[in-house]
Amino acid sequence: MASLLWFGRYKVIERVLVVLVMLMSITFLATAVIVRPDIGEMLRGLVVPSVPSGSLIVLIGLIGSAVVPYNLFLHSRSVQEQWPSSVPTTRALAEARTDTWFSITLGGLITVAILATGAAAFFGTGQSIENAADMAQQLEPTVGSAAEILFGLGFFGAGFTSAITAPLAAAIAVSGVLGWGRDMTDMRFRAVWIIVLLGGALMAYFSADPVALIIATQYAAGLSLPVLALFLIIVMNRKDILGRHVNTLTANILGGLVVAGVSILGVLQIFGLV
């Protein structure tokens, strides 16, 4: 992992991430199919969502993990690498939209698969979750001996992708703000991702409750999402930068609803109103 970041070959990192995401997709989707969740209940919850008492932190954390704010920085770098200025703007935008829709759809399916699997395995059992092994053990009656393998592969893919993208996104953001350029072999760039990587490793090592740590970090990501999304909407409406490619009214309304919705959830949780 550290070697991938150290040598600074973005295309290699991108290919590794694609493989890991596909691994994660296959394992979690396969697990969801095997446990056979109640499709009717899933559709009912999709149409009429509800928030159980005391679960608002988890909800905000789920938003933070599904729409990872720091991936905005990582995606901006990916766009620059995949569609440089030599590519016609119209073509680049069309391909980027297709790429984005595919990524969002796949990410949504993975999230649904994880939630469905968790609900099928744990809802109403009273089983506490301390680590991934607890999840695998709870799934054994349904999935069988393959539970540990499936969960192991899925968590490996999820953990490894996060361990790469979080430090990389932080380094990209800091380099952009401070004007260090795009050289991933720059020692300043490397110093940022090393600090983030070591910080995460130390927190995980010394944490007495890894599940609570995961929820807390994703909760923080969920709280930061409206701030970053708001700045993104502002930039996307600047004609001096984007010309005729600024946001449409529909895009602004949808973006505004996202910012408002997550902001309201954050305020309700912070002030204990729910």
# chains A, B, ... in the order shown; residues from 1 in each chain; ligands from 1
call {"tool": "residues_around", "arguments": {"residues": "Ile215 of chain A", "least_positions_apart": "5", "cutoff": "12 Å", "atoms": "only C-alpha atoms", "output": "PDB file with C-alpha atoms, in the first residue's frame"}}
result
ATOM      1  CA  SER A  55     -29.323   5.810  15.102  1.00  0.00           C
ATOM      2  CA  LEU A  56     -28.850   9.295  13.653  1.00  0.00           C
ATOM      3  CA  ILE A  57     -25.070   9.104  14.094  1.00  0.00           C
ATOM      4  CA  VAL A  58     -25.022   5.861  12.125  1.00  0.00           C
ATOM      5  CA  LEU A  59     -27.206   7.419   9.426  1.00  0.00           C
ATOM      6  CA  ILE A  60     -24.892  10.413   9.031  1.00  0.00           C
ATOM      7  CA  GLY A  61     -21.924   8.049   9.061  1.00  0.00           C
ATOM      8  CA  LEU A  62     -23.552   5.970   6.343  1.00  0.00           C
ATOM      9  CA  ILE A  63     -23.928   9.092   4.211  1.00  0.00           C
ATOM     10  CA  GLY A  64     -20.300   9.954   4.916  1.00  0.00           C
ATOM     11  CA  SER A  65     -19.140   6.494   3.853  1.00  0.00           C
ATOM     12  CA  ASP A 209     -13.366  -0.143  20.023  1.00  0.00           C
ATOM     13  CA  PRO A 210     -12.634  -0.272  16.277  1.00  0.00           C
ATOM     14  CA  ALA A 220     -17.161  13.295  10.745  1.00  0.00           C
ATOM     15  CA  ALA A 221     -17.071  12.707   6.990  1.00  0.00           C
ATOM     16  CA  GLY A 222     -20.840  13.037   6.841  1.00  0.00           C
TER      17      GLY A 222
END
call {"tool": "closest_residue", "arguments": {"among": "A:Ala119, A:Ile110, A:Leu168, A:Leu43", "to": "Met24 of chain A", "atoms": "only C-alpha atoms"}}
result
A:Ile110
call {"tool": "residues_around", "arguments": {"residues": "Arg77 of chain A", "least_positions_apart": "3", "cutoff": "10 Å", "atoms": "only C-alpha atoms", "output": "list in words"}}
result
Tyr10, Asn71, Leu72, Phe73, Leu74, Gln80, Glu81, Gln82, Trp83, Ala169, Ile172, Ala173, Gly176 and Arg182 of chain A
call {"tool": "write_last_selection", "arguments": {"atoms": "C-alpha atoms", "output": "PDB file, in the first residue's frame"}}
result
ATOM      1  CA  TYR A  10      -1.253   7.340 -10.647  1.00  0.00           C
ATOM      2  CA  ASN A  71     -13.132  11.584  -2.859  1.00  0.00           C
ATOM      3  CA  LEU A  72     -14.103  14.924  -4.402  1.00  0.00           C
ATOM      4  CA  PHE A  73     -10.409  15.848  -4.320  1.00  0.00           C
ATOM      5  CA  LEU A  74      -9.334  12.445  -5.564  1.00  0.00           C
ATOM      6  CA  GLN A  80      -7.119  15.704 -14.896  1.00  0.00           C
ATOM      7  CA  GLU A  81      -5.220  12.484 -15.529  1.00  0.00           C
ATOM      8  CA  GLN A  82      -7.886  10.788 -17.621  1.00  0.00           C
ATOM      9  CA  TRP A  83      -9.054  13.793 -19.624  1.00  0.00           C
ATOM     10  CA  ALA A 169      -6.851  12.585  -1.369  1.00  0.00           C
ATOM     11  CA  ILE A 172      -3.832  16.077  -3.386  1.00  0.00           C
ATOM     12  CA  ALA A 173      -5.927  18.607  -1.458  1.00  0.00           C
ATOM     13  CA  GLY A 176      -3.511  22.006  -4.533  1.00  0.00           C
ATOM     14  CA  ARG A 182       0.874  17.642  -9.325  1.00  0.00           C
TER      15      ARG A 182
END
call {"tool": "atom_distance", "arguments": {"atom1": "atom CA of Gly152 of chain A", "atom2": "atom CA of Val12 of chain A"}}
result
23.8 Å
call {"tool": "residues_around", "arguments": {"residues": "Met187 of chain A", "least_positions_apart": "4", "cutoff": "12 Å", "atoms": "only C-alpha atoms", "output": "list in words"}}
result
Leu5, Trp6, Phe7, Gly8, Ala171, Ser175, Trp180, Gly181, Arg182, Asp183, Ala191, Val192, Trp193 and Ile194 of chain A
call {"tool": "write_last_selection", "arguments": {"atoms": "N, CA and C atoms", "output": "compact mmCIF listing (two decimals), in the first residue's frame"}}
result
# COMPACT_ATOMS: atom_id res chain seq x y z
N LEU A 5 1.77 4.30 -3.11
CA LEU A 5 1.75 5.75 -2.97
C LEU A 5 3.15 6.35 -3.13
N TRP A 6 4.15 5.65 -2.64
CA TRP A 6 5.50 6.20 -2.66
C TRP A 6 6.02 6.41 -4.08
N PHE A 7 5.80 5.42 -4.94
CA PHE A 7 6.34 5.52 -6.29
C PHE A 7 5.53 6.46 -7.18
N GLY A 8 4.35 6.86 -6.71
CA GLY A 8 3.62 7.95 -7.34
C GLY A 8 3.18 7.73 -8.78
N ALA A 171 -3.28 14.37 0.42
CA ALA A 171 -2.08 14.93 -0.20
C ALA A 171 -2.43 15.77 -1.42
N SER A 175 -1.66 19.74 -1.55
CA SER A 175 -0.79 20.19 -2.64
C SER A 175 -1.48 21.24 -3.49
N TRP A 180 1.68 23.26 -4.69
CA TRP A 180 2.87 22.44 -4.84
C TRP A 180 2.95 21.73 -6.19
N GLY A 181 1.91 21.82 -6.98
CA GLY A 181 1.91 21.14 -8.26
C GLY A 181 1.33 19.74 -8.17
N ARG A 182 1.51 18.95 -9.23
CA ARG A 182 0.87 17.64 -9.33
C ARG A 182 1.87 16.49 -9.26
N ASP A 183 3.09 16.76 -8.87
CA ASP A 183 4.12 15.72 -8.82
C ASP A 183 3.93 14.86 -7.57
N ALA A 191 5.04 13.51 2.25
CA ALA A 191 4.97 13.75 3.70
C ALA A 191 3.52 13.82 4.17
N VAL A 192 2.66 14.41 3.36
CA VAL A 192 1.25 14.54 3.75
C VAL A 192 0.60 13.17 3.86
N TRP A 193 0.74 12.34 2.81
CA TRP A 193 0.06 11.05 2.87
C TRP A 193 0.68 10.12 3.91
N ILE A 194 1.98 10.28 4.17
CA ILE A 194 2.61 9.47 5.22
C ILE A 194 2.03 9.83 6.59
call {"tool": "atom_distance", "arguments": {"atom1": "atom CA of Met203 of chain A", "atom2": "atom CA of Ser25 of chain A"}}
result
27.1 Å
call {"tool": "closest_residue", "arguments": {"among": "A:Leu213, A:Val35, A:Val235, A:Leu242", "to": "Ala120 of chain A", "atoms": "only C-alpha atoms"}}
result
A:Val35
call {"tool": "atom_distance", "arguments": {"atom1": "atom CA of Ala66 of chain A", "atom2": "atom CA of Val112 of chain A"}}
result
10.1 Å
call {"tool": "select_by_dssp", "arguments": {"residues": "segment 38-271 of chain A", "states": "alpha helix (DSSP H)", "output": "compact mmCIF listing (two decimals) with C-alpha atoms, in the first residue's frame"}}
result
# COMPACT_ATOMS: atom_id res chain seq x y z
CA ILE A 39 -37.09 -7.49 -1.10
CA GLY A 40 -40.53 -6.19 -0.16
CA GLU A 41 -39.23 -4.71 3.08
CA MET A 42 -36.27 -3.20 1.26
CA LEU A 43 -38.52 -1.47 -1.27
CA ARG A 44 -40.84 -0.31 1.50
CA GLY A 45 -37.91 1.19 3.38
CA LEU A 46 -36.72 2.87 0.20
CA VAL A 47 -40.09 4.51 -0.41
CA LEU A 56 -28.85 9.30 13.65
CA ILE A 57 -25.07 9.10 14.09
CA VAL A 58 -25.02 5.86 12.12
CA LEU A 59 -27.21 7.42 9.43
CA ILE A 60 -24.89 10.41 9.03
CA GLY A 61 -21.92 8.05 9.06
CA LEU A 62 -23.55 5.97 6.34
CA ILE A 63 -23.93 9.09 4.21
CA GLY A 64 -20.30 9.95 4.92
CA SER A 65 -19.14 6.49 3.85
CA ALA A 66 -21.35 6.32 0.75
CA ASN A 71 -13.13 11.58 -2.86
CA LEU A 72 -14.10 14.92 -4.40
CA PHE A 73 -10.41 15.85 -4.32
CA LEU A 74 -9.33 12.44 -5.56
CA HIS A 75 -11.85 12.54 -8.40
CA SER A 76 -10.68 15.97 -9.50
CA ARG A 77 -7.16 14.59 -9.88
CA SER A 78 -8.47 11.53 -11.70
CA VAL A 79 -10.30 13.76 -14.16
CA GLN A 80 -7.12 15.70 -14.90
CA GLU A 81 -5.22 12.48 -15.53
CA GLN A 82 -7.89 10.79 -17.62
CA THR A 89 -14.26 19.40 -23.67
CA THR A 90 -17.51 17.99 -25.09
CA ARG A 91 -16.03 14.51 -25.36
CA ALA A 92 -14.42 14.71 -21.92
CA LEU A 93 -17.69 15.77 -20.27
CA ALA A 94 -19.67 13.02 -21.99
CA GLU A 95 -17.19 10.34 -20.94
CA ALA A 96 -16.94 11.77 -17.43
CA ARG A 97 -20.72 11.67 -17.01
CA THR A 98 -20.80 8.03 -18.08
CA ASP A 99 -17.95 7.22 -15.71
CA THR A 100 -19.65 9.05 -12.85
CA TRP A 101 -23.02 7.38 -13.37
CA PHE A 102 -21.38 3.96 -13.44
CA SER A 103 -19.40 4.67 -10.28
CA ILE A 104 -22.40 6.04 -8.39
CA THR A 105 -24.60 3.12 -9.43
CA LEU A 106 -22.00 0.55 -8.43
CA GLY A 107 -21.33 2.32 -5.14
CA GLY A 108 -25.05 2.44 -4.42
CA LEU A 109 -25.45 -1.27 -5.13
CA ILE A 110 -22.56 -2.12 -2.82
CA THR A 111 -24.06 0.01 -0.04
CA VAL A 112 -27.47 -1.63 -0.47
CA ALA A 113 -25.86 -5.08 -0.47
CA ILE A 114 -23.98 -4.36 2.76
CA LEU A 115 -27.09 -2.97 4.47
CA ALA A 116 -29.25 -5.86 3.29
CA THR A 117 -26.70 -8.40 4.47
CA GLY A 118 -26.36 -6.71 7.84
CA ALA A 119 -30.12 -6.49 8.31
CA ALA A 120 -30.65 -10.11 7.34
CA ALA A 121 -27.90 -11.29 9.66
CA PHE A 122 -28.32 -9.09 12.73
CA ALA A 132 -15.62 -8.35 11.37
CA ALA A 133 -15.32 -11.87 12.79
CA ASP A 134 -18.62 -11.38 14.64
CA MET A 135 -20.32 -10.52 11.36
CA ALA A 136 -18.90 -13.56 9.61
CA GLN A 137 -19.94 -15.87 12.46
CA GLN A 138 -23.48 -14.52 12.44
CA LEU A 139 -23.73 -15.21 8.71
CA GLU A 140 -22.50 -18.80 8.94
CA PRO A 141 -25.98 -20.33 9.43
CA THR A 142 -27.08 -18.77 6.14
CA VAL A 143 -23.92 -18.57 4.06
CA ALA A 146 -17.88 -19.43 2.98
CA ALA A 147 -18.94 -16.59 5.31
CA GLU A 148 -15.44 -15.95 6.61
CA ILE A 149 -13.93 -16.04 3.12
CA LEU A 150 -16.54 -13.70 1.64
CA PHE A 151 -16.32 -11.23 4.49
CA GLY A 152 -12.55 -11.43 4.52
CA LEU A 153 -12.32 -10.59 0.82
CA GLY A 154 -14.93 -7.85 1.09
CA PHE A 155 -13.32 -6.19 4.08
CA PHE A 156 -9.88 -6.49 2.53
CA GLY A 157 -11.12 -4.67 -0.56
CA ALA A 158 -12.95 -2.02 1.46
CA GLY A 159 -10.11 -1.45 3.90
CA PHE A 160 -7.35 -1.38 1.33
CA THR A 161 -9.17 1.08 -0.93
CA SER A 162 -9.81 3.42 2.00
CA ALA A 163 -6.22 3.13 3.17
CA ILE A 164 -5.07 4.25 -0.28
CA THR A 165 -7.66 6.89 -1.16
CA ALA A 166 -7.78 8.79 2.14
CA PRO A 167 -4.03 9.60 2.33
CA LEU A 168 -3.87 10.22 -1.41
CA ALA A 169 -6.85 12.58 -1.37
CA ALA A 170 -5.40 14.48 1.59
CA ALA A 171 -2.08 14.93 -0.20
CA ILE A 172 -3.83 16.08 -3.39
CA ALA A 173 -5.93 18.61 -1.46
CA VAL A 174 -2.98 20.04 0.48
CA SER A 175 -0.79 20.19 -2.64
CA GLY A 176 -3.51 22.01 -4.53
CA VAL A 177 -4.16 24.54 -1.79
CA LEU A 178 -0.47 25.28 -1.24
CA MET A 187 8.62 14.89 -0.83
CA ARG A 188 6.08 17.40 0.46
CA PHE A 189 3.32 15.41 -1.23
CA ARG A 190 4.70 12.21 0.24
CA ALA A 191 4.97 13.75 3.70
CA VAL A 192 1.25 14.54 3.75
CA TRP A 193 0.06 11.05 2.87
CA ILE A 194 2.61 9.47 5.22
CA ILE A 195 1.29 11.56 8.12
CA VAL A 196 -2.32 10.63 7.31
CA LEU A 197 -1.48 6.95 6.85
CA LEU A 198 0.50 6.73 10.08
CA GLY A 199 -2.14 8.67 11.96
CA GLY A 200 -4.84 6.27 10.84
CA ALA A 201 -2.72 3.24 11.67
CA LEU A 202 -1.95 4.54 15.17
CA MET A 203 -5.60 5.34 15.86
CA ALA A 204 -6.65 1.86 14.74
CA TYR A 205 -3.90 0.20 16.79
CA PHE A 206 -4.64 2.01 20.05
CA PRO A 210 -12.63 -0.27 16.28
CA VAL A 211 -16.33 -0.27 15.36
CA ALA A 212 -16.91 2.96 17.29
CA LEU A 213 -13.83 4.45 15.65
CA ILE A 214 -15.16 3.62 12.18
CA ILE A 215 -18.55 5.13 12.99
CA ALA A 216 -16.91 8.27 14.41
CA THR A 217 -14.71 8.84 11.36
CA GLN A 218 -17.56 8.30 8.93
CA TYR A 219 -19.78 10.56 11.05
CA ALA A 220 -17.16 13.29 10.75
CA ALA A 221 -17.07 12.71 6.99
CA GLY A 222 -20.84 13.04 6.84
CA LEU A 223 -20.75 16.33 8.73
CA SER A 224 -18.10 17.76 6.40
CA LEU A 225 -19.99 16.77 3.25
CA PRO A 226 -22.39 19.78 3.15
CA VAL A 227 -19.50 22.23 3.49
CA LEU A 228 -17.53 20.74 0.61
CA ALA A 229 -20.65 20.24 -1.49
CA LEU A 230 -21.64 23.88 -0.99
CA PHE A 231 -18.28 25.12 -2.24
CA LEU A 232 -18.54 22.72 -5.17
CA ILE A 233 -21.96 24.11 -6.11
CA ILE A 234 -20.60 27.66 -5.92
CA VAL A 235 -17.70 26.79 -8.24
CA LYS A 239 -19.22 31.22 -15.69
CA ASP A 240 -15.77 32.80 -15.59
CA ILE A 241 -14.39 29.30 -14.96
CA LEU A 242 -16.81 26.96 -16.69
CA LEU A 249 -31.13 24.72 -12.51
CA THR A 250 -31.99 21.06 -11.87
CA ALA A 251 -28.44 20.28 -10.78
CA ASN A 252 -28.45 23.27 -8.41
CA ILE A 253 -31.77 22.23 -6.89
CA LEU A 254 -30.64 18.64 -6.37
CA GLY A 255 -27.30 19.78 -4.96
CA GLY A 256 -29.05 22.23 -2.66
CA LEU A 257 -31.34 19.50 -1.37
CA VAL A 258 -28.34 17.32 -0.56
CA VAL A 259 -26.61 20.14 1.30
CA ALA A 260 -29.79 21.08 3.18
CA GLY A 261 -30.73 17.50 4.02
CA VAL A 262 -27.36 16.48 5.44
CA SER A 263 -27.01 19.83 7.23
CA ILE A 264 -30.36 19.34 8.94
CA LEU A 265 -29.39 15.84 10.06
CA GLY A 266 -26.12 17.18 11.44
CA VAL A 267 -27.82 20.00 13.35
CA LEU A 268 -30.41 17.61 14.80
CA GLN A 269 -27.68 15.26 16.00
CA ILE A 270 -25.30 17.91 17.34
